[in-house]
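K.L.:
Handing you this structure, nothing more for now.
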Amino acid sequence: MTSSPSPPPRRMRADAQRNRARILAAAEQVFAAAGPSASTEDLAELAGVAIGTVFRHFPTKATLIEAVFVSRLRELTAYAREMATVDDVGTGFFAFFTEAVRQSTVKHAFTDAIEPGDETMTAVRTAISSVGADLRDAMGELLVRAQQAAAVRPDVTTPELIGLMVGTARALEQVDPDQESQRRILTVLRDGLKG
């Protein structure tokens with residue numbers, strides 16, 4: 001006796017997709033400002049949805065935080081792939097570098113507020129490792145293209161690039177949040193990376 005194949009997963013309705021996207025966008029703002037202890041009610045209010053809608057999409061705070069991280073990493077991966085295909089790949093590389101650093105700064109504010117043993121952090125680490133390989137591959141492709149175009153020095157490797165991004169994000173946290181200070185730090189890094 002053969003079992004019948006399971007039906008394909010149901011597609012989310014358009015309004016449900018919009019609600020999910022609004023919840024994720026609101027979660028990024030609320031959690032970045034107040035950490036994971038932020039109120040789910042505040043998040044629902046900012047997203048313009050009922051609290052039940054939040055829990056229908058994300059039964060626990062851990063699943064919501066995981067979804068925020070996965071969504072950010074996927075967007076960053078898509079951006080790296082897009083920048084690898086632009087005509088001026090050097091400009092694309094440095095646009096990606098700046099965006100990745102900006103997102104890391106927000107992520108640090110987010111994760112620094114989570115206790116290391118917290119179940120939320122375990123879920124976040126699992127989510128990051130599952131999509132992190134795609135991001136590393138996309139960054140590697142972008143780096144190689146930028147190096148082939150002589151826009152980035154040839155001796156930089158992908159792990160070193162990741163280290164520079166993390167370090168730069170931490171450096172930006174140590175200066176006044178004014179645009180000029182951050183711009184100067186990014187300019188120094190950009191100058192050091194240029195081919």
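Following the order of the structure tokens, first chain is A, next is B, and so on, with residues numbered from 1 inside each chain and ligands from 1 in the order they appear.
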Contacts of region 88-91 of chain A at 12 Å or less, counting only C-alpha atoms, minus same-chain residues fewer than 3 places along, as JSON, numbers by chain?
P.N.:
{"A": [80, 81, 82, 83, 84, 85, 94, 95, 96, 97, 98, 141, 142, 143, 144, 145, 146, 147, 148, 149, 150, 151, 152, 153, 190, 193, 194, 195]}
K.L.:
Please determine, counting only C-alpha atoms, which residue among A:Asp155, A:Glu45, A:Glu66, A:Asp15 has the shortest atom-to-atom distance to Arg125 (chain A).
P.N.:
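When distances to Arg125 (chain A) are compared using only C-alpha atoms, the smallest one comes from A:Glu66.
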K.L.:
Given only C-alpha atoms as the basis, pick out the residue of A:Ala16, A:Leu64, A:Ala34, A:Leu186 nearest to Val101 (chain A).
P.N.:
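The closest residue to Val101 (chain A) is A:Leu186.
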K.L.:
Identify, with DSSP run on backbone atoms, the residues in region 9-77 of chain A assigned to alpha helix (DSSP H), and express the list as an NGL selection string.
P.N.:
:A and (14-34 or 40-47 or 51-57 or 61-77)
K.L.:
Between A:Val54, A:Leu46, A:Leu164, A:Ile185, which has the minimum distance to Arg20 (chain A) (counting only C-alpha atoms)?
P.N.:
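Looking at the shortest contact to Arg20 (chain A), the residue is A:Val54.
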K.L.:
Would you compute the distance between CA of Gln179 (chain A) and CA of Ala100 (chain A)? Give it in Å to one decimal.
P.N.:
16.3 Å
K.L.:
Of the candidates A:Leu76, A:Val188, A:Gln29, A:Val68, which shows the shortest atom-to-atom distance to Asp134 (chain A), using only C-alpha atoms?
P.N.:
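Looking only at the distances to Asp134 (chain A), the closest residue turns out to be A:Leu76.
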K.L.:
Which one is closest to Lys61 (chain A): A:Gly48, A:Ser39, A:Asp137, A:Leu73? Count only C-alpha atoms.
P.N.:
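Selected residue with least distance to Lys61 (chain A): A:Ser39.
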K.L.:
Which is closer to Ala21 (chain A) than all the others in A:Ser129, A:Thr187, A:Thr40, A:Thr53, using only C-alpha atoms?
P.N.:
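Of A:Ser129, A:Thr187, A:Thr40, A:Thr53, the one nearest Ala21 (chain A) is A:Thr53, counting only C-alpha atoms.
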